[in-house]
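Structure file my_file.txt (compact mmCIF, C-alpha atoms) follows.
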# COMPACT_ATOMS: atom_id res chain seq x y z
CA MET P 809 71.51 -141.87 27.33
CA THR P 810 75.06 -140.69 26.87
CA THR P 811 77.59 -143.37 25.92
CA ARG P 812 80.25 -143.61 28.58
CA LEU P 813 83.85 -144.67 28.15
CA ALA P 814 85.14 -147.80 29.85
CA PRO P 815 88.60 -149.24 30.53
CA GLY P 816 90.19 -150.52 27.34
CA ASP P 817 88.34 -148.06 25.08
CA PRO P 818 90.46 -145.75 22.94
CA ALA P 819 90.38 -142.22 24.39
CA PRO P 820 88.85 -139.95 21.74
CA ASP P 821 91.44 -137.41 20.61
CA PHE P 822 90.67 -133.72 20.82
CA THR P 823 92.22 -130.33 20.24
CA LEU P 824 90.75 -127.53 22.34
CA PRO P 825 91.72 -123.95 23.23
CA THR P 826 93.38 -123.43 26.61
CA ALA P 827 93.03 -120.77 29.30
CA ASP P 828 96.50 -119.45 28.48
CA GLY P 829 95.61 -118.70 24.85
CA GLY P 830 97.12 -121.83 23.31
CA GLU P 831 95.58 -125.15 22.46
CA LEU P 832 95.96 -128.67 23.73
CA THR P 833 95.76 -131.87 21.71
CA LEU P 834 95.30 -134.99 23.79
CA SER P 835 97.42 -137.17 21.49
CA SER P 836 100.37 -134.81 22.09
CA LEU P 837 100.43 -136.19 25.64
CA ARG P 838 100.99 -139.81 24.53
CA GLY P 839 103.62 -141.47 26.64
CA LYS P 840 102.13 -139.98 29.82
CA HIS P 841 99.29 -140.97 32.09
CA VAL P 842 96.65 -138.25 31.66
CA ILE P 843 93.83 -137.44 34.08
CA VAL P 844 91.09 -135.71 32.09
CA TYR P 845 88.43 -134.31 34.36
CA PHE P 846 85.19 -132.70 33.30
CA TYR P 847 83.46 -130.07 35.41
CA PRO P 848 80.32 -127.97 34.90
CA ALA P 849 81.41 -124.35 35.47
CA ALA P 850 84.50 -122.40 36.45
CA MET P 851 84.34 -120.20 39.55
CA THR P 852 81.51 -122.17 41.19
CA PRO P 853 81.95 -123.64 44.69
CA GLY P 854 82.11 -127.34 43.76
CA CYS P 855 84.28 -126.80 40.70
CA SER P 856 86.65 -124.56 42.64
CA THR P 857 86.91 -127.17 45.40
CA GLN P 858 87.73 -129.89 42.87
CA ALA P 859 90.20 -127.76 40.89
CA CYS P 860 92.03 -126.65 44.05
CA ASP P 861 92.17 -130.29 45.15
CA PHE P 862 93.90 -131.20 41.86
CA ARG P 863 96.17 -128.14 42.25
CA ASP P 864 97.17 -129.19 45.76
CA SER P 865 97.88 -132.77 44.60
CA LEU P 866 99.61 -131.80 41.36
CA GLU P 867 103.19 -132.28 42.54
CA ALA P 868 102.41 -135.75 43.89
CA LEU P 869 100.54 -136.69 40.70
CA HIS P 870 103.39 -135.40 38.50
CA SER P 871 105.92 -137.37 40.56
CA GLN P 872 103.90 -140.52 39.77
CA GLY P 873 103.86 -139.66 36.04
CA TYR P 874 100.35 -138.18 35.79
CA THR P 875 99.33 -135.04 33.92
CA VAL P 876 96.01 -133.29 34.71
CA VAL P 877 93.71 -131.59 32.19
CA GLY P 878 90.44 -129.89 33.16
CA VAL P 879 87.63 -129.59 30.60
CA SER P 880 84.51 -127.42 30.84
CA PRO P 881 82.11 -125.64 28.50
CA ASP P 882 83.34 -122.26 29.78
CA PRO P 883 84.83 -119.78 27.29
CA VAL P 884 88.60 -119.29 27.38
CA ASP P 885 88.41 -115.89 29.12
CA ARG P 886 86.43 -117.41 32.00
CA LEU P 887 88.96 -120.24 32.29
CA ALA P 888 91.81 -117.71 32.39
CA GLU P 889 90.03 -115.88 35.21
CA PHE P 890 89.50 -119.20 37.04
CA ALA P 891 93.16 -120.20 36.67
CA ALA P 892 94.38 -116.82 37.92
CA HIS P 893 91.89 -116.67 40.80
CA ASP P 894 92.73 -120.13 42.16
CA GLY P 895 96.39 -120.42 41.10
CA LEU P 896 95.69 -123.35 38.77
CA THR P 897 98.83 -124.38 36.89
CA PHE P 898 97.51 -127.35 34.95
CA PRO P 899 95.80 -126.93 31.55
CA LEU P 900 92.15 -125.88 31.50
CA VAL P 901 90.52 -126.37 28.12
CA SER P 902 87.35 -124.89 26.69
CA ASP P 903 84.70 -127.06 25.02
CA VAL P 904 82.00 -124.46 24.38
CA ASP P 905 80.20 -126.59 21.79
CA ARG P 906 80.28 -129.60 24.19
CA GLN P 907 81.42 -132.04 21.48
CA VAL P 908 84.28 -133.44 23.56
CA LEU P 909 82.14 -133.54 26.70
CA THR P 910 79.49 -135.50 24.78
CA GLY P 911 82.01 -137.82 23.11
CA TRP P 912 83.54 -138.70 26.45
CA GLY P 913 80.17 -139.35 28.11
CA ALA P 914 80.43 -136.28 30.32
CA TYR P 915 77.44 -134.37 28.96
CA GLY P 916 73.85 -135.54 29.04
CA GLU P 917 70.98 -136.22 31.38
CA LYS P 918 71.69 -136.12 35.09
CA LYS P 919 69.84 -135.64 38.34
CA LEU P 920 70.14 -132.24 39.96
CA TYR P 921 68.21 -131.58 43.16
CA GLY P 922 65.82 -134.40 42.29
CA LYS P 923 65.12 -133.16 38.75
CA THR P 924 66.37 -134.62 35.49
CA VAL P 925 68.35 -131.99 33.59
CA THR P 926 70.81 -131.95 30.70
CA GLY P 927 74.28 -130.71 31.52
CA VAL P 928 77.88 -131.54 32.32
CA ILE P 929 78.28 -134.76 34.28
CA ARG P 930 81.20 -134.32 36.69
CA SER P 931 83.52 -137.07 35.46
CA THR P 932 87.14 -138.19 35.45
CA VAL P 933 88.82 -140.39 32.86
CA VAL P 934 92.39 -141.62 33.22
CA VAL P 935 94.17 -142.28 29.92
CA ASP P 936 97.15 -144.64 29.73
CA PRO P 937 100.34 -143.62 27.89
CA ASP P 938 99.18 -145.59 24.83
CA GLY P 939 95.94 -143.59 24.58
CA THR P 940 93.53 -146.13 26.03
CA VAL P 941 91.16 -145.54 28.93
CA ALA P 942 92.50 -146.98 32.19
CA LEU P 943 89.74 -145.73 34.48
CA ALA P 944 86.45 -143.90 33.90
CA GLN P 945 84.41 -142.43 36.74
CA TYR P 946 81.10 -140.62 36.22
CA ASN P 947 78.92 -138.59 38.61
CA VAL P 948 81.87 -138.05 40.94
CA LYS P 949 81.66 -135.80 43.98
CA ALA P 950 83.72 -132.61 43.92
CA THR P 951 84.81 -132.89 47.54
CA GLY P 952 87.28 -135.69 48.23
CA HIS P 953 87.40 -136.86 44.63
CA VAL P 954 91.14 -136.46 44.12
CA ALA P 955 91.93 -138.46 47.27
CA LYS P 956 89.58 -141.22 46.11
CA LEU P 957 91.08 -141.12 42.62
CA ARG P 958 94.61 -141.43 44.00
CA LYS P 959 93.50 -144.39 46.12
CA ASP P 960 91.79 -146.03 43.10
CA LEU P 961 95.00 -145.58 41.08
CA GLY P 962 97.16 -146.99 43.88
CA LEU P 963 99.04 -143.72 44.36
CA ALA P 964 100.37 -142.45 47.68

Give the structure from this file in structure tokens form.
Amino acid sequence: MTTRLAPGDPAPDFTLPTADGGELTLSSLRGKHVIVYFYPAAMTPGCSTQACDFRDSLEALHSQGYTVVGVSPDPVDRLAEFAAHDGLTFPLVSDVDRQVLTGWGAYGEKKLYGKTVTGVIRSTVVVDPDGTVALAQYNVKATGHVAKLRKDLGLA
């Protein structure tokens, strides 16, 4: 069983390559609320729905002091294609070896069409400005997740 993060836990730091050819280090975002969401695969229907939902809510999230980071095991070139295709302007980071996914509890056994498989567990973790976990949600639904997240965070 994958160990999951819970409110009050320190958010494990990471440095990963980004879709735009740079890299992102979580601790460089200290002082901000950070929504780190984990998704299985770029350019798939559910992941596109979720990413576009974050894209469409980005201005409202930014106005409330939140930054969004998407994490998947896709290679950087696939993430760049995803960002361009769907007009995604928030950072997408590549975790091809799945170490960050595993460390954050977003990779492991899950049910898929009634079967137990190993893979990315669609998850969202909100990190407070001091680097601690404020909210951790696992096995989230792609559709409607951002609206539910905003409600859970008390955002308009």

- Atomic distance CA of Gly830 in chain P - CA of Ala944 in chain P, expressed in Å with one decimal: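 Those two atoms sit 26.7 Å apart.
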
Which range 832-949 of chain P residues have any atom within 8 Å of an atom of range 821-825 of chain P, and for each, what is the nearest pair of atoms with distance in Å to one decimal, counting all atoms listed in the file, rows sorted by chain and number, as a Markdown table?
| residue | atom | partner | partner_atom | distance |
| --- | --- | --- | --- | --- |
| P:Leu832 | CA | P:Thr823 | CA | 5.4 |
| P:Thr833 | CA | P:Thr823 | CA | 4.1 |
| P:Leu834 | CA | P:Asp821 | CA | 5.6 |
| P:Ser835 | CA | P:Asp821 | CA | 6.0 |
| P:Val884 | CA | P:Pro825 | CA | 7.0 |
| P:Val901 | CA | P:Pro825 | CA | 5.6 |
| P:Ser902 | CA | P:Pro825 | CA | 5.7 |
| P:Asp903 | CA | P:Leu824 | CA | 6.6 |
| P:Val908 | CA | P:Phe822 | CA | 7.0 |

- Item | One-decimal distance in Å that lies between CA of Phe890 in chain P and CA of Pro848 in chain P |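 Atom-to-atom, CA of Pro848 in chain P and CA of Phe890 in chain P are spaced 12.9 Å apart.
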
- Note on the structure: From CA of Thr897 in chain P to CA of Val876 in chain P the spacing works out at 9.6 Å

Could you make a table, as CSV, of the residues of range 834-862 of chain P that have an atom within 7 Å of an atom of range 946-960 of chain P, each with its nearest atom pair and distance in Å to one decimal, counting all atoms listed in the file, in chain and number order?
residue,atom,partner,partner_atom,distance
P:Gly854,CA,P:Ala950,CA,5.5
P:Cys855,CA,P:Ala950,CA,6.7
P:Thr857,CA,P:Thr951,CA,6.5
P:Gln858,CA,P:Ala950,CA,5.0
P:Asp861,CA,P:Val954,CA,6.3
P:Phe862,CA,P:Val954,CA,6.4

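With all atoms listed in the file as the atoms that count, the minimum distance from Asp882 in chain P to the choices P:Thr924, P:Arg838, P:Glu917, P:Thr826 is reached by P:Thr826.
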
- Task: Could you tell me which of P:Thr932, P:Ser865, P:Thr940, P:Thr811 comes closest to Tyr847 in chain P if we count all atoms listed in the file?
- Result: P:Thr932

- Task: Can you work out which one of P:Pro853, P:Leu837, P:Ser931, P:Ala892 has the shortest atom-to-atom distance to Val879 in chain P, counting all atoms listed in the file?
- Result: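 Answer, going by the shortest atom-to-atom distance: P:Ser931.
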
- Closest to Gly878 in chain P among P:Val904, P:Val935, P:Ala859, P:Leu963, using only C-alpha atoms?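 Comparing P:Val904, P:Val935, P:Ala859, P:Leu963 against Gly878 in chain P, the winner is P:Ala859.
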
- Message: So that I can check the surroundings of Val933 in chain P, please list as a list in words every protein, DNA and RNA residue that reaches within 7 Å of it, counting only C-alpha atoms and ignoring chain neighbours fewer than 5 positions away.
- Response: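 Contacts, in chain order: Ile843, Val844, Tyr845, Val941, Leu943, Ala944 and Gln945 of chain P.
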
- Among listed residues P:Asp894, P:Asp938, P:Asp885, P:Asp817, nearest Val842 in chain P (using only C-alpha atoms):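 Among the listed residues, P:Asp938 lies closest to Val842 in chain P.
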
Take the point (103.0, -139.3, 36.2) in the file's coordinates, draw a sphere of radius 10 Å around it, and report as a PDB file with C-alpha atoms, in the frame of the given file every protein, DNA or RNA residue with an atom inside or on it, counting only C-alpha atoms.
ATOM      1  CA  GLY P 839     103.620-141.470  26.640  1.00  0.00           C
ATOM      2  CA  LYS P 840     102.130-139.980  29.820  1.00  0.00           C
ATOM      3  CA  HIS P 841      99.290-140.970  32.090  1.00  0.00           C
ATOM      4  CA  VAL P 842      96.650-138.250  31.660  1.00  0.00           C
ATOM      5  CA  ILE P 843      93.830-137.440  34.080  1.00  0.00           C
ATOM      6  CA  LEU P 866      99.610-131.800  41.360  1.00  0.00           C
ATOM      7  CA  GLU P 867     103.190-132.280  42.540  1.00  0.00           C
ATOM      8  CA  ALA P 868     102.410-135.750  43.890  1.00  0.00           C
ATOM      9  CA  LEU P 869     100.540-136.690  40.700  1.00  0.00           C
ATOM     10  CA  HIS P 870     103.390-135.400  38.500  1.00  0.00           C
ATOM     11  CA  SER P 871     105.920-137.370  40.560  1.00  0.00           C
ATOM     12  CA  GLN P 872     103.900-140.520  39.770  1.00  0.00           C
ATOM     13  CA  GLY P 873     103.860-139.660  36.040  1.00  0.00           C
ATOM     14  CA  TYR P 874     100.350-138.180  35.790  1.00  0.00           C
ATOM     15  CA  THR P 875      99.330-135.040  33.920  1.00  0.00           C
ATOM     16  CA  VAL P 876      96.010-133.290  34.710  1.00  0.00           C
ATOM     17  CA  PRO P 937     100.340-143.620  27.890  1.00  0.00           C
TER      18      PRO P 937
END

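Nearest-residue note for Ile929 in chain P: choosing from P:Glu889, P:Gly829, P:Phe898, P:Arg812, the minimum distance belongs to P:Arg812, counting all atoms listed in the file.
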
Reconstruct all heavy atoms of range 917-928 of chain P from the incomplete input and present them as an mmCIF file, in the coordinates of the input.
data_model
loop_
_atom_site.group_PDB
_atom_site.id
_atom_site.type_symbol
_atom_site.label_atom_id
_atom_site.label_comp_id
_atom_site.auth_asym_id
_atom_site.auth_seq_id
_atom_site.Cartn_x
_atom_site.Cartn_y
_atom_site.Cartn_z
ATOM 1 N N GLU P 917 71.967 -136.290 30.305
ATOM 2 C CA GLU P 917 70.980 -136.220 31.380
ATOM 3 C C GLU P 917 71.619 -136.586 32.706
ATOM 4 O O GLU P 917 72.438 -137.507 32.789
ATOM 5 C CB GLU P 917 69.805 -137.159 31.101
ATOM 6 C CG GLU P 917 68.861 -136.628 30.073
ATOM 7 C CD GLU P 917 67.580 -137.452 29.990
ATOM 8 O OE1 GLU P 917 67.444 -138.484 30.677
ATOM 9 O OE2 GLU P 917 66.697 -137.048 29.213
ATOM 10 N N LYS P 918 71.232 -135.841 33.737
ATOM 11 C CA LYS P 918 71.690 -136.120 35.090
ATOM 12 C C LYS P 918 70.638 -135.637 36.061
ATOM 13 O O LYS P 918 69.733 -134.885 35.689
ATOM 14 C CB LYS P 918 73.039 -135.425 35.361
ATOM 15 C CG LYS P 918 72.954 -133.900 35.312
ATOM 16 C CD LYS P 918 74.316 -133.268 35.580
ATOM 17 C CE LYS P 918 74.206 -131.761 35.673
ATOM 18 N NZ LYS P 918 75.468 -131.143 36.045
ATOM 19 N N LYS P 919 70.747 -136.085 37.278
ATOM 20 C CA LYS P 919 69.840 -135.640 38.340
ATOM 21 C C LYS P 919 70.466 -134.461 39.056
ATOM 22 O O LYS P 919 71.637 -134.495 39.420
ATOM 23 C CB LYS P 919 69.588 -136.752 39.353
ATOM 24 C CG LYS P 919 68.807 -137.925 38.788
ATOM 25 C CD LYS P 919 67.345 -137.634 38.754
ATOM 26 C CE LYS P 919 66.583 -138.888 38.357
ATOM 27 N NZ LYS P 919 65.200 -138.616 38.080
ATOM 28 N N LEU P 920 69.695 -133.413 39.238
ATOM 29 C CA LEU P 920 70.140 -132.240 39.960
ATOM 30 C C LEU P 920 69.013 -131.803 40.873
ATOM 31 O O LEU P 920 67.941 -131.405 40.389
ATOM 32 C CB LEU P 920 70.529 -131.124 38.983
ATOM 33 C CG LEU P 920 71.187 -129.885 39.573
ATOM 34 C CD1 LEU P 920 72.530 -130.226 40.202
ATOM 35 C CD2 LEU P 920 71.377 -128.833 38.491
ATOM 36 N N TYR P 921 69.233 -131.927 42.168
ATOM 37 C CA TYR P 921 68.210 -131.580 43.160
ATOM 38 C C TYR P 921 66.891 -132.291 42.876
ATOM 39 O O TYR P 921 65.813 -131.706 42.958
ATOM 40 C CB TYR P 921 68.011 -130.070 43.233
ATOM 41 C CG TYR P 921 69.284 -129.325 43.529
ATOM 42 C CD1 TYR P 921 69.851 -128.493 42.570
ATOM 43 C CD2 TYR P 921 69.930 -129.463 44.750
ATOM 44 C CE1 TYR P 921 71.041 -127.811 42.830
ATOM 45 C CE2 TYR P 921 71.114 -128.796 45.014
ATOM 46 C CZ TYR P 921 71.655 -127.973 44.061
ATOM 47 O OH TYR P 921 72.831 -127.307 44.317
ATOM 48 N N GLY P 922 67.001 -133.580 42.498
ATOM 49 C CA GLY P 922 65.820 -134.400 42.290
ATOM 50 C C GLY P 922 65.163 -134.260 40.924
ATOM 51 O O GLY P 922 64.208 -134.954 40.626
ATOM 52 N N LYS P 923 65.677 -133.354 40.095
ATOM 53 C CA LYS P 923 65.120 -133.160 38.750
ATOM 54 C C LYS P 923 66.091 -133.709 37.719
ATOM 55 O O LYS P 923 67.300 -133.663 37.897
ATOM 56 C CB LYS P 923 64.904 -131.674 38.463
ATOM 57 C CG LYS P 923 63.830 -131.028 39.311
ATOM 58 C CD LYS P 923 63.657 -129.575 38.905
ATOM 59 C CE LYS P 923 62.583 -128.904 39.742
ATOM 60 N NZ LYS P 923 62.413 -127.504 39.397
ATOM 61 N N THR P 924 65.546 -134.190 36.600
ATOM 62 C CA THR P 924 66.370 -134.620 35.490
ATOM 63 C C THR P 924 66.649 -133.415 34.606
ATOM 64 O O THR P 924 65.713 -132.742 34.160
ATOM 65 C CB THR P 924 65.682 -135.735 34.683
ATOM 66 O OG1 THR P 924 65.429 -136.845 35.558
ATOM 67 C CG2 THR P 924 66.537 -136.179 33.517
ATOM 68 N N VAL P 925 67.933 -133.118 34.410
ATOM 69 C CA VAL P 925 68.350 -131.990 33.590
ATOM 70 C C VAL P 925 69.429 -132.471 32.621
ATOM 71 O O VAL P 925 70.001 -133.543 32.781
ATOM 72 C CB VAL P 925 68.900 -130.826 34.446
ATOM 73 C CG1 VAL P 925 67.819 -130.283 35.381
ATOM 74 C CG2 VAL P 925 70.123 -131.245 35.236
ATOM 75 N N THR P 926 69.714 -131.667 31.620
ATOM 76 C CA THR P 926 70.810 -131.950 30.700
ATOM 77 C C THR P 926 71.940 -130.994 31.024
ATOM 78 O O THR P 926 71.730 -129.785 31.137
ATOM 79 C CB THR P 926 70.361 -131.771 29.237
ATOM 80 O OG1 THR P 926 69.282 -132.682 28.989
ATOM 81 C CG2 THR P 926 71.499 -132.071 28.283
ATOM 82 N N GLY P 927 73.134 -131.553 31.197
ATOM 83 C CA GLY P 927 74.280 -130.710 31.520
ATOM 84 C C GLY P 927 75.551 -131.525 31.627
ATOM 85 O O GLY P 927 75.596 -132.699 31.261
ATOM 86 N N VAL P 928 76.595 -130.890 32.144
ATOM 87 C CA VAL P 928 77.880 -131.540 32.320
ATOM 88 C C VAL P 928 77.788 -132.511 33.496
ATOM 89 O O VAL P 928 77.304 -132.157 34.573
ATOM 90 C CB VAL P 928 78.997 -130.507 32.576
ATOM 91 C CG1 VAL P 928 80.326 -131.206 32.859
ATOM 92 C CG2 VAL P 928 79.141 -129.575 31.382
#
